[in-house]
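Shown here: start_22.pdb, PDB, C-alpha atoms and all ligand atoms.
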MODEL        1
ATOM      1  CA  MET H   1     -11.665 -22.201 -20.568
ATOM      2  CA  LYS H   2     -12.837 -18.596 -20.287
ATOM      3  CA  THR H   3     -10.213 -16.208 -18.877
ATOM      4  CA  LYS H   4     -11.151 -14.924 -15.414
ATOM      5  CA  HIS H   5     -10.986 -11.137 -15.000
ATOM      6  CA  LEU H   6     -11.730  -8.753 -12.136
ATOM      7  CA  LEU H   7     -13.582  -5.801 -13.631
ATOM      8  CA  THR H   8     -16.302  -5.025 -11.050
ATOM      9  CA  VAL H   9     -17.310  -6.258  -7.588
ATOM     10  CA  HIS H  10     -20.782  -7.021  -8.940
ATOM     11  CA  GLU H  11     -19.326  -9.766 -11.171
ATOM     12  CA  ILE H  12     -17.708 -11.605  -8.235
ATOM     13  CA  ALA H  13     -19.788 -14.362  -6.593
ATOM     14  CA  VAL H  14     -20.715 -13.763  -2.943
ATOM     15  CA  SER H  15     -18.773 -16.891  -1.926
ATOM     16  CA  ASP H  16     -15.676 -15.615  -3.753
ATOM     17  CA  VAL H  17     -15.914 -12.222  -2.000
ATOM     18  CA  THR H  18     -15.865 -13.974   1.381
ATOM     19  CA  ALA H  19     -13.061 -16.301   0.282
ATOM     20  CA  LEU H  20     -10.953 -13.326  -0.851
ATOM     21  CA  LEU H  21     -11.467 -11.543   2.487
ATOM     22  CA  ASP H  22     -10.590 -14.683   4.464
ATOM     23  CA  ARG H  23      -7.506 -15.291   2.349
ATOM     24  CA  ALA H  24      -6.374 -11.656   2.666
ATOM     25  CA  ASP H  25      -6.600 -11.904   6.487
ATOM     26  CA  ARG H  26      -4.423 -15.019   6.445
ATOM     27  CA  LEU H  27      -1.905 -13.466   4.044
ATOM     28  CA  LYS H  28      -1.681 -10.385   6.272
ATOM     29  CA  ALA H  29      -0.995 -12.503   9.360
ATOM     30  CA  GLN H  30       1.580 -14.544   7.457
ATOM     31  CA  HIS H  31       3.292 -11.383   6.186
ATOM     32  CA  ARG H  32       3.399  -9.952   9.726
ATOM     33  CA  SER H  33       5.021 -13.128  11.058
ATOM     34  CA  GLY H  34       7.722 -12.869   8.400
ATOM     35  CA  GLY H  35       6.755 -16.094   6.639
ATOM     36  CA  LEU H  36       7.700 -16.501   2.972
ATOM     37  CA  HIS H  37       5.012 -17.582   0.517
ATOM     38  CA  ARG H  38       5.978 -17.644  -3.153
ATOM     39  CA  PRO H  39       3.247 -19.349  -5.182
ATOM     40  CA  LEU H  40       3.675 -17.001  -8.166
ATOM     41  CA  ALA H  41       7.407 -17.569  -8.792
ATOM     42  CA  GLY H  42       8.180 -17.128 -12.478
ATOM     43  CA  LYS H  43       4.986 -15.133 -13.179
ATOM     44  CA  THR H  44       4.897 -11.536 -14.383
ATOM     45  CA  LEU H  45       2.235  -8.922 -13.689
ATOM     46  CA  GLY H  46       1.947  -5.936 -16.036
ATOM     47  CA  LEU H  47       0.579  -2.612 -14.782
ATOM     48  CA  LEU H  48      -0.738  -0.387 -17.536
ATOM     49  CA  PHE H  49      -1.756   3.028 -16.208
ATOM     50  CA  GLU H  50      -3.316   5.968 -18.039
ATOM     51  CA  LYS H  51      -3.821   7.932 -14.800
ATOM     52  CA  ALA H  52      -1.619   8.729 -11.805
ATOM     53  CA  SER H  53      -1.394   6.281  -8.890
ATOM     54  CA  THR H  54       0.462   5.847  -5.623
ATOM     55  CA  ARG H  55      -1.350   3.068  -3.741
ATOM     56  CA  THR H  56      -2.596   0.846  -6.559
ATOM     57  CA  ARG H  57       0.675   0.785  -8.423
ATOM     58  CA  VAL H  58       2.994   0.337  -5.459
ATOM     59  CA  SER H  59       0.803  -2.154  -3.575
ATOM     60  CA  PHE H  60       0.350  -4.341  -6.672
ATOM     61  CA  GLU H  61       4.077  -4.296  -7.416
ATOM     62  CA  ALA H  62       4.919  -5.147  -3.796
ATOM     63  CA  ALA H  63       2.183  -7.810  -3.701
ATOM     64  CA  MET H  64       3.547  -9.541  -6.789
ATOM     65  CA  ASN H  65       7.120  -9.433  -5.495
ATOM     66  CA  GLN H  66       6.070 -10.835  -2.109
ATOM     67  CA  LEU H  67       4.287 -13.704  -3.871
ATOM     68  CA  GLY H  68       7.529 -14.556  -5.653
ATOM     69  CA  GLY H  69       6.669 -13.090  -9.064
ATOM     70  CA  GLY H  70       7.799 -10.002 -10.913
ATOM     71  CA  SER H  71       6.005  -6.858 -12.021
ATOM     72  CA  LEU H  72       6.405  -4.462 -14.876
ATOM     73  CA  PHE H  73       5.056  -0.895 -14.868
ATOM     74  CA  ILE H  74       3.921   0.200 -18.318
ATOM     75  CA  SER H  75       3.203   3.852 -18.881
ATOM     76  CA  ALA H  76       0.432   3.932 -21.481
ATOM     77  CA  GLY H  77       1.968   7.060 -23.022
ATOM     78  CA  ASP H  78       5.091   5.130 -24.038
ATOM     79  CA  LEU H  79       3.264   2.391 -25.942
ATOM     80  CA  GLN H  80       2.462   2.227 -29.661
ATOM     81  CA  LEU H  81      -1.110   2.603 -28.416
ATOM     82  CA  LYS H  82      -0.450   6.324 -28.468
ATOM     83  CA  ARG H  83       0.441   6.080 -32.158
ATOM     84  CA  GLY H  84      -2.737   4.277 -33.094
ATOM     85  CA  GLU H  85      -2.171   0.568 -32.340
ATOM     86  CA  SER H  86      -5.498  -0.759 -31.109
ATOM     87  CA  ILE H  87      -6.278  -1.839 -27.551
ATOM     88  CA  ALA H  88      -7.257  -5.293 -28.841
ATOM     89  CA  ASP H  89      -3.954  -5.846 -30.676
ATOM     90  CA  THR H  90      -1.950  -4.541 -27.712
ATOM     91  CA  ALA H  91      -3.883  -6.835 -25.347
ATOM     92  CA  ARG H  92      -3.222  -9.852 -27.586
ATOM     93  CA  VAL H  93       0.512  -9.124 -27.668
ATOM     94  CA  LEU H  94       0.855  -8.365 -23.942
ATOM     95  CA  SER H  95      -0.973 -11.644 -23.230
ATOM     96  CA  ARG H  96       1.975 -13.468 -24.853
ATOM     97  CA  TYR H  97       4.481 -11.898 -22.439
ATOM     98  CA  LEU H  98       2.620 -11.471 -19.177
ATOM     99  CA  ASP H  99       0.530 -13.622 -16.829
ATOM    100  CA  ALA H 100      -1.916 -10.888 -15.724
ATOM    101  CA  LEU H 101      -2.484  -7.217 -16.404
ATOM    102  CA  VAL H 102      -3.725  -4.413 -14.133
ATOM    103  CA  VAL H 103      -5.282  -1.590 -16.176
ATOM    104  CA  ARG H 104      -6.098   1.907 -14.893
ATOM    105  CA  THR H 105      -7.964   3.890 -17.525
ATOM    106  CA  PHE H 106     -10.811   6.338 -18.197
ATOM    107  CA  GLY H 107     -14.011   4.833 -19.662
ATOM    108  CA  HIS H 108     -15.052   1.466 -18.259
ATOM    109  CA  ASP H 109     -15.793   0.415 -21.867
ATOM    110  CA  LEU H 110     -12.042   0.747 -22.569
ATOM    111  CA  LEU H 111     -11.274  -1.695 -19.757
ATOM    112  CA  GLU H 112     -13.849  -4.078 -21.231
ATOM    113  CA  GLU H 113     -12.031  -3.833 -24.557
ATOM    114  CA  TRP H 114      -8.783  -4.880 -22.871
ATOM    115  CA  ALA H 115     -10.509  -7.798 -21.164
ATOM    116  CA  ALA H 116     -12.303  -8.943 -24.315
ATOM    117  CA  ALA H 117      -9.060  -9.336 -26.279
ATOM    118  CA  ALA H 118      -6.674 -10.440 -23.510
ATOM    119  CA  THR H 119      -6.068 -14.137 -22.921
ATOM    120  CA  ILE H 120      -4.668 -13.405 -19.438
ATOM    121  CA  PRO H 121      -6.613 -12.078 -16.415
ATOM    122  CA  VAL H 122      -7.264  -8.325 -16.556
ATOM    123  CA  ILE H 123      -7.661  -6.538 -13.219
ATOM    124  CA  ASN H 124      -9.432  -3.205 -12.931
ATOM    125  CA  GLY H 125      -6.990  -0.781 -11.307
ATOM    126  CA  LEU H 126      -9.671   1.984 -11.524
ATOM    127  CA  THR H 127     -11.905   3.273 -14.280
ATOM    128  CA  ASP H 128     -14.215   6.287 -14.329
ATOM    129  CA  LEU H 129     -16.990   3.927 -13.179
ATOM    130  CA  HIS H 130     -15.460   1.364 -10.801
ATOM    131  CA  HIS H 131     -12.607   0.741  -8.356
ATOM    132  CA  PRO H 132     -13.137  -2.859  -7.210
ATOM    133  CA  CYS H 133      -9.739  -3.542  -5.579
ATOM    134  CA  GLN H 134     -10.326  -0.499  -3.374
ATOM    135  CA  ALA H 135     -13.768  -1.676  -2.254
ATOM    136  CA  LEU H 136     -12.565  -5.222  -1.514
ATOM    137  CA  GLY H 137      -9.714  -3.824   0.605
ATOM    138  CA  ASP H 138     -12.250  -1.590   2.339
ATOM    139  CA  LEU H 139     -14.462  -4.566   3.254
ATOM    140  CA  MET H 140     -11.365  -6.229   4.701
ATOM    141  CA  THR H 141     -10.627  -3.153   6.838
ATOM    142  CA  ILE H 142     -14.212  -2.857   8.068
ATOM    143  CA  ARG H 143     -14.429  -6.571   8.939
ATOM    144  CA  GLU H 144     -11.070  -6.378  10.705
ATOM    145  CA  ARG H 145     -12.380  -3.550  12.918
ATOM    146  CA  PHE H 146     -15.862  -4.908  13.641
ATOM    147  CA  GLY H 147     -15.420  -8.686  13.378
ATOM    148  CA  SER H 148     -18.221  -9.089  10.831
ATOM    149  CA  LEU H 149     -19.988  -7.101   8.116
ATOM    150  CA  LYS H 150     -23.681  -7.974   8.043
ATOM    151  CA  GLY H 151     -25.934  -5.256   9.449
ATOM    152  CA  LEU H 152     -23.247  -2.561   9.758
ATOM    153  CA  LYS H 153     -24.180   0.937   8.605
ATOM    154  CA  LEU H 154     -21.696   2.437   6.135
ATOM    155  CA  THR H 155     -22.256   6.095   5.281
ATOM    156  CA  TYR H 156     -20.585   7.547   2.206
ATOM    157  CA  ILE H 157     -20.451  11.329   1.964
ATOM    158  CA  GLY H 158     -19.826  13.157  -1.325
ATOM    159  CA  ASP H 159     -19.512  12.208  -4.973
ATOM    160  CA  GLY H 160     -21.387   9.215  -6.403
ATOM    161  CA  ASN H 161     -18.209   8.228  -8.269
ATOM    162  CA  ASN H 162     -16.149   5.111  -9.110
ATOM    163  CA  VAL H 163     -15.243   4.493  -5.457
ATOM    164  CA  ALA H 164     -18.882   4.932  -4.386
ATOM    165  CA  HIS H 165     -20.067   2.513  -7.103
ATOM    166  CA  SER H 166     -17.690  -0.243  -6.048
ATOM    167  CA  LEU H 167     -18.544   0.329  -2.378
ATOM    168  CA  ILE H 168     -22.255   0.021  -3.177
ATOM    169  CA  GLU H 169     -21.604  -3.282  -4.947
ATOM    170  CA  ALA H 170     -19.340  -4.524  -2.139
ATOM    171  CA  ALA H 171     -21.833  -3.536   0.575
ATOM    172  CA  ALA H 172     -24.654  -5.279  -1.298
ATOM    173  CA  LYS H 173     -22.653  -8.526  -1.580
ATOM    174  CA  THR H 174     -21.970  -8.619   2.161
ATOM    175  CA  GLY H 175     -25.227  -7.408   3.724
ATOM    176  CA  VAL H 176     -23.823  -4.013   4.761
ATOM    177  CA  GLU H 177     -26.384  -1.159   4.828
ATOM    178  CA  ILE H 178     -24.998   1.664   2.721
ATOM    179  CA  HIS H 179     -26.281   5.251   2.978
ATOM    180  CA  LEU H 180     -24.993   7.844   0.553
ATOM    181  CA  ALA H 181     -25.344  11.611   0.909
ATOM    182  CA  CYS H 182     -24.596  13.301  -2.431
ATOM    183  CA  PRO H 183     -25.393  16.738  -3.880
ATOM    184  CA  LYS H 184     -28.094  16.911  -6.568
ATOM    185  CA  GLY H 185     -26.707  15.756  -9.889
ATOM    186  CA  PHE H 186     -23.831  13.815  -8.306
ATOM    187  CA  GLU H 187     -25.712  10.688  -7.244
ATOM    188  CA  PRO H 188     -24.353   7.231  -8.149
ATOM    189  CA  ASP H 189     -25.298   5.633 -11.477
ATOM    190  CA  PRO H 190     -28.923   4.380 -11.229
ATOM    191  CA  LEU H 191     -28.100   1.203 -13.194
ATOM    192  CA  ILE H 192     -25.407   0.223 -10.696
ATOM    193  CA  VAL H 193     -27.669   1.098  -7.764
ATOM    194  CA  GLY H 194     -30.592  -0.850  -9.273
ATOM    195  CA  ALA H 195     -28.559  -4.014  -9.856
ATOM    196  CA  SER H 196     -27.047  -3.825  -6.377
ATOM    197  CA  ARG H 197     -30.421  -3.243  -4.711
ATOM    198  CA  ILE H 198     -31.480  -6.704  -5.903
ATOM    199  CA  VAL H 199     -28.326  -8.236  -4.393
ATOM    200  CA  ALA H 200     -28.689  -6.183  -1.183
ATOM    201  CA  LYS H 201     -32.218  -7.452  -0.721
ATOM    202  CA  GLN H 202     -31.051 -11.064  -0.976
ATOM    203  CA  MET H 203     -28.197 -10.439   1.456
ATOM    204  CA  GLY H 204     -30.224  -8.484   4.045
ATOM    205  CA  GLY H 205     -28.687  -5.091   3.330
ATOM    206  CA  LYS H 206     -30.043  -1.897   1.770
ATOM    207  CA  ILE H 207     -28.978   1.146  -0.249
ATOM    208  CA  GLU H 208     -30.255   4.601   0.701
ATOM    209  CA  ILE H 209     -29.433   7.833  -1.129
ATOM    210  CA  SER H 210     -30.126  11.326   0.228
ATOM    211  CA  ARG H 211     -28.766  14.860   0.161
ATOM    212  CA  GLU H 212     -28.301  15.200   3.910
ATOM    213  CA  PRO H 213     -24.912  14.246   5.341
ATOM    214  CA  ALA H 214     -26.003  14.657   8.989
ATOM    215  CA  LYS H 215     -29.026  12.404   8.569
ATOM    216  CA  ALA H 216     -27.091   9.785   6.608
ATOM    217  CA  ALA H 217     -24.336   9.792   9.252
ATOM    218  CA  GLU H 218     -26.706   9.185  12.190
ATOM    219  CA  ASP H 219     -25.654   6.038  14.069
ATOM    220  CA  ALA H 220     -23.247   5.055  11.310
ATOM    221  CA  ASP H 221     -20.520   2.480  11.977
ATOM    222  CA  VAL H 222     -18.373   3.795   9.128
ATOM    223  CA  LEU H 223     -18.050   7.307   7.676
ATOM    224  CA  TYR H 224     -16.405   7.180   4.256
ATOM    225  CA  THR H 225     -15.495   9.839   1.720
ATOM    226  CA  ASP H 226     -13.481  10.361  -1.456
ATOM    227  CA  VAL H 227     -12.243  13.382  -3.410
ATOM    228  CA  TRP H 228     -14.748  15.856  -4.857
ATOM    229  CA  ILE H 229     -12.830  16.046  -8.135
ATOM    230  CA  SER H 230     -11.762  12.716  -9.595
ATOM    231  CA  MET H 231      -9.014  12.228 -12.161
ATOM    232  CA  GLY H 232     -10.296  13.492 -15.501
ATOM    233  CA  GLN H 233     -12.809  15.951 -13.938
ATOM    234  CA  GLU H 234     -10.386  18.821 -13.409
ATOM    235  CA  LYS H 235     -12.356  21.130 -15.714
ATOM    236  CA  GLN H 236     -15.391  20.884 -13.404
ATOM    237  CA  ALA H 237     -13.364  21.976 -10.378
ATOM    238  CA  LYS H 238     -15.120  25.300  -9.802
ATOM    239  CA  THR H 239     -18.691  23.957  -9.813
ATOM    240  CA  ARG H 240     -17.758  20.905  -7.820
ATOM    241  CA  LEU H 241     -15.940  22.839  -5.092
ATOM    242  CA  LYS H 242     -19.084  24.920  -4.610
ATOM    243  CA  LYS H 243     -21.622  22.081  -4.670
ATOM    244  CA  PHE H 244     -19.682  19.742  -2.389
ATOM    245  CA  LYS H 245     -18.887  22.253   0.346
ATOM    246  CA  PRO H 246     -21.482  20.913   2.836
ATOM    247  CA  TYR H 247     -20.292  17.338   2.205
ATOM    248  CA  GLN H 248     -17.277  17.130   4.493
ATOM    249  CA  ILE H 249     -16.353  14.514   7.082
ATOM    250  CA  ASN H 250     -15.336  16.432  10.196
ATOM    251  CA  GLY H 251     -15.729  16.309  13.974
ATOM    252  CA  ARG H 252     -19.293  17.618  13.790
ATOM    253  CA  LEU H 253     -20.420  14.887  11.426
ATOM    254  CA  LEU H 254     -18.548  12.248  13.376
ATOM    255  CA  SER H 255     -20.422  13.279  16.542
ATOM    256  CA  VAL H 256     -23.725  12.010  15.111
ATOM    257  CA  ALA H 257     -22.250   8.615  14.138
ATOM    258  CA  LYS H 258     -21.841   5.821  16.698
ATOM    259  CA  PRO H 259     -19.068   6.474  19.270
ATOM    260  CA  SER H 260     -17.395   3.316  17.894
ATOM    261  CA  ALA H 261     -17.538   4.613  14.292
ATOM    262  CA  ILE H 262     -14.464   4.588  12.079
ATOM    263  CA  VAL H 263     -13.430   7.113   9.426
ATOM    264  CA  MET H 264     -12.357   5.929   5.988
ATOM    265  CA  HIS H 265     -10.961   7.579   2.844
ATOM    266  CA  CYS H 266      -9.526   5.728  -0.147
ATOM    267  CA  LEU H 267      -6.860   8.450  -0.573
ATOM    268  CA  PRO H 268      -5.401  10.662  -1.953
ATOM    269  CA  ALA H 269      -7.152  13.136   0.378
ATOM    270  CA  HIS H 270      -7.580  16.861   0.175
ATOM    271  CA  ARG H 271      -7.449  17.938   3.798
ATOM    272  CA  GLY H 272      -9.898  20.741   4.491
ATOM    273  CA  LEU H 273     -12.137  19.834   1.534
ATOM    274  CA  GLU H 274     -13.870  16.429   1.672
ATOM    275  CA  ILE H 275     -12.316  15.638   5.066
ATOM    276  CA  SER H 276     -10.917  17.691   7.942
ATOM    277  CA  SER H 277      -7.418  17.006   9.218
ATOM    278  CA  ASP H 278      -8.906  16.241  12.660
ATOM    279  CA  ALA H 279     -11.036  13.456  11.231
ATOM    280  CA  MET H 280      -8.139  12.037   9.216
ATOM    281  CA  ASP H 281      -5.675  12.014  12.079
ATOM    282  CA  GLY H 282      -8.090  11.389  14.979
ATOM    283  CA  LYS H 283      -8.328   8.157  16.948
ATOM    284  CA  GLN H 284     -11.351   6.993  14.944
ATOM    285  CA  SER H 285      -9.438   7.076  11.657
ATOM    286  CA  ALA H 286      -8.884   3.690   9.976
ATOM    287  CA  ILE H 287      -7.370   5.342   6.916
ATOM    288  CA  TRP H 288      -3.797   4.060   7.187
ATOM    289  CA  ASP H 289      -4.870   0.464   7.845
ATOM    290  CA  GLN H 290      -7.220   0.897   4.905
ATOM    291  CA  ALA H 291      -4.306   1.888   2.658
ATOM    292  CA  GLU H 292      -2.196  -1.029   3.948
ATOM    293  CA  ASN H 293      -4.938  -3.555   3.316
ATOM    294  CA  ARG H 294      -4.802  -2.865  -0.419
ATOM    295  CA  LEU H 295      -1.574  -4.892  -0.362
ATOM    296  CA  HIS H 296      -3.109  -7.906   1.381
ATOM    297  CA  ILE H 297      -6.369  -8.043  -0.571
ATOM    298  CA  GLN H 298      -4.481  -7.701  -3.858
ATOM    299  CA  LYS H 299      -2.249 -10.632  -2.914
ATOM    300  CA  ALA H 300      -5.443 -12.653  -2.396
ATOM    301  CA  ILE H 301      -6.757 -11.407  -5.759
ATOM    302  CA  LEU H 302      -3.511 -12.347  -7.558
ATOM    303  CA  GLU H 303      -3.531 -15.837  -6.020
ATOM    304  CA  TRP H 304      -7.193 -16.245  -6.959
ATOM    305  CA  LEU H 305      -6.660 -15.238 -10.594
ATOM    306  CA  LEU H 306      -3.199 -16.743 -11.157
ATOM    307  CA  GLY H 307      -2.715 -19.524  -8.632
TER     308      GLY H 307
HETATM  309  N1  LIG E   1      -6.835   4.758  -3.570
HETATM  310  C1  LIG E   1      -6.109   4.628  -4.687
HETATM  311  O1  LIG E   1      -6.430   3.860  -5.600
HETATM  312  O2  LIG E   1      -4.987   5.388  -4.710
HETATM  313  P1  LIG E   1      -4.015   5.636  -5.954
HETATM  314  O3  LIG E   1      -4.745   6.531  -6.930
HETATM  315  O4  LIG E   1      -2.816   6.294  -5.338
HETATM  316  O5  LIG E   1      -3.688   4.310  -6.586
HETATM  317  N1  LIG E   2     -12.406   8.970  -7.313
HETATM  318  C1  LIG E   2     -10.970   9.080  -7.348
HETATM  319  C2  LIG E   2     -10.324   7.902  -6.721
HETATM  320  C3  LIG E   2      -8.820   7.934  -6.665
HETATM  321  C4  LIG E   2      -8.242   6.695  -6.068
HETATM  322  C5  LIG E   2     -10.514   9.270  -8.787
HETATM  323  O1  LIG E   2     -11.034   8.589  -9.672
HETATM  324  O2  LIG E   2      -9.652  10.121  -9.030
ENDMDL
END
Write the structure described by the file as structure tokens, please.
Amino acid sequence: MKTKHLLTVHEIAVSDVTALLDRADRLKAQHRSGGLHRPLAGKTLGLLFEKASTRTRVSFEAAMNQLGGGSLFISAGDLQLKRGESIADTARVLSRYLDALVVRTFGHDLLEEWAAAATIPVINGLTDLHHPCQALGDLMTIRERFGSLKGLKLTYIGDGNNVAHSLIEAAAKTGVEIHLACPKGFEPDPLIVGASRIVAKQMGGKIEISREPAKAAEDADVLYTDVWISMGQEKQAKTRLKKFKPYQINGRLLSVAKPSAIVMHCLPAHRGLEISSDAMDGKQSAIWDQAENRLHIQKAILEWLLG
């Protein structure tokens, strides 16, 4: 049987997306009521990270522990990988010790190399191109707030980056209308947008891209942003800080969205840059629930891949 991986949202069937969201809701309720649920006893999750992480690392480790299994953080810099052992050989060996592996790396092609050689499920913990666990947790948060997803307007302000790509794919799979306002030259990848437009059409959603935050935010149900400078882009800081200046979520932008709109940010945030402190801490912010829901959706993902 072919090993099941989670590399992008696009690769997950629509029915599986819904099943994961439903399962995550139930796991959250169960966790809140203090119930124990240990289907992964005796299993070990490896976390191999080439970039920093607070949420992904800690929520996956907690998720695995809560499901009765164990987790092992592996700093890529400490492996023989750094002395020239190949990804494929490392993946083959780790597959003999572990039951699943979360990988956070740079190029998405590197993640695909891990997945191609591993005989255990590989989970994308963020690449330069995608951040699927984030987007699935975000769908959970949005559905929790609004009751359903179809027909909602999600407006993403800023960089057409990994988080934006996975959100586009997630919105398409669930019939959410996604509007992105990005500066020239920082639009999302046209191949990802093109593939998701086909899905969006089937699901009754749409994908719009413009350069005007205020127009994109009009009557939005969700205002979402991410950092202007992603991990690995530090050298472009100067240009990016200049180009992204008009692309901030703040009280002014929020005033053109629906009064019931929520504010989202995958975190870490840079207060005063892509989002104002008012917007982050205001009563419309769903940001802390959003961070929490990473835990619940990832428990559903682990059950789905390992159960
Ligand atoms: N949102 C997110 O993935 O955060 P970390 O980089 O802290 O894991
Ligand atoms: N776009 C950001 C997301 C961090 C969770 C980055 O890649 O650094």
Worksheet, complete the sentence: From the list H:Val103, H:Val163, H:Ala52, H:Ala135, the nearest residue to Trp228 in chain H using all atoms listed in the file is H:Val163
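Atom to atom, CA of Met203 in chain H and CA of Phe186 in chain H stand 26.5 Å apart.
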Fill in: 8 Å contact set for Ala279 in chain H, all atoms listed in the file, chain neighbours under 6 positions out, as an NGL selection string
:H and (249-251 or 254 or 263 or 285)
Practice prompt. Could the residues that lie within 8 Å of ligand LIG 1 (chain E), counting only C-alpha atoms and all ligand atoms, be listed as a ChimeraX atom specification?
Written response: /H:52-58,125-126,131,134,266-268,291
Please, what is the axis-aligned box for every listed atom of range 137-154 of chain H with 3 Å on each side, as centre and edge lengths in Å to one decimal, as AutoDock Vina command-line options?
--center_x -17.8 --center_y -3.3 --center_z 7.1 --size_x 22.2 --size_y 17.5 --size_z 19.0
Discussion item. Using only C-alpha atoms, which protein or nucleic acid residues come within 9 Å of range 149-159 of chain H? Drop anything in the same chain fewer than 5 positions from it, and give the result as a PyMOL selection string.
Written reply: chain H and resi 139+142-143+164+167+171+174-183+186-188+203-205+212-213+216-229+244+246-249+274
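Nearest residue to Ala195 in chain H, choosing from H:Lys283, H:Arg26, H:His10, H:Lys2 and counting only C-alpha atoms: H:His10.
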Worksheet entry | the PyMOL selection byres (((chain H and resi 39) around 9) and not hetatm) applied to the shown file, residues as a list in words | His37, Arg38, Leu40, Ala41, Leu67, Gly68, Gly69, Glu303 and Gly307 of chain H
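With distances taken over only C-alpha atoms and all ligand atoms, H:Gly107 is the one residue among H:Pro121, H:Gly77, H:Gly107, H:Gly147 lying closest to ligand LIG 2 (chain E).
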Item to complete: Using only C-alpha atoms, give me every residue within 6 Å of (-15.0, -1.5, -14.6) in file coordinates, as JSON, numbers by chain.
Response: {"H": [7, 8, 108, 127, 129, 130]}
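Between CA of Glu169 in chain H and CA of Leu111 in chain H the interatomic distance comes to 18.1 Å.
Relative to CA of Ala91 in chain H, CA of Ala116 in chain H is found at 8.7 Å.
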Worksheet entry | Nearest to ligand LIG 2 (chain E) by atom-to-atom distance, counting all atoms listed in the file, from H:Ser86, H:Thr3, H:Asn162, H:Asn124 | H:Asn162
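Proximity to Asp138 in chain H was assessed for H:Ala29, H:Leu191, H:Ala286, H:Leu305 counting only C-alpha atoms; the smallest distance is recorded for H:Ala286.
Minimum atom-to-atom distance to Arg294 in chain H, evaluated using only C-alpha atoms, belongs to H:Pro132 out of H:Gly34, H:Pro132, H:Gly70, H:Gly42.
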Discussion item. What's around Ala76 in chain H at 7 Å? Count only C-alpha atoms, leave out sequence neighbours fewer than 3 positions away in its own chain, and write the answer as a VMD selection string.
Written reply: chain H and resid 48 to 50 79
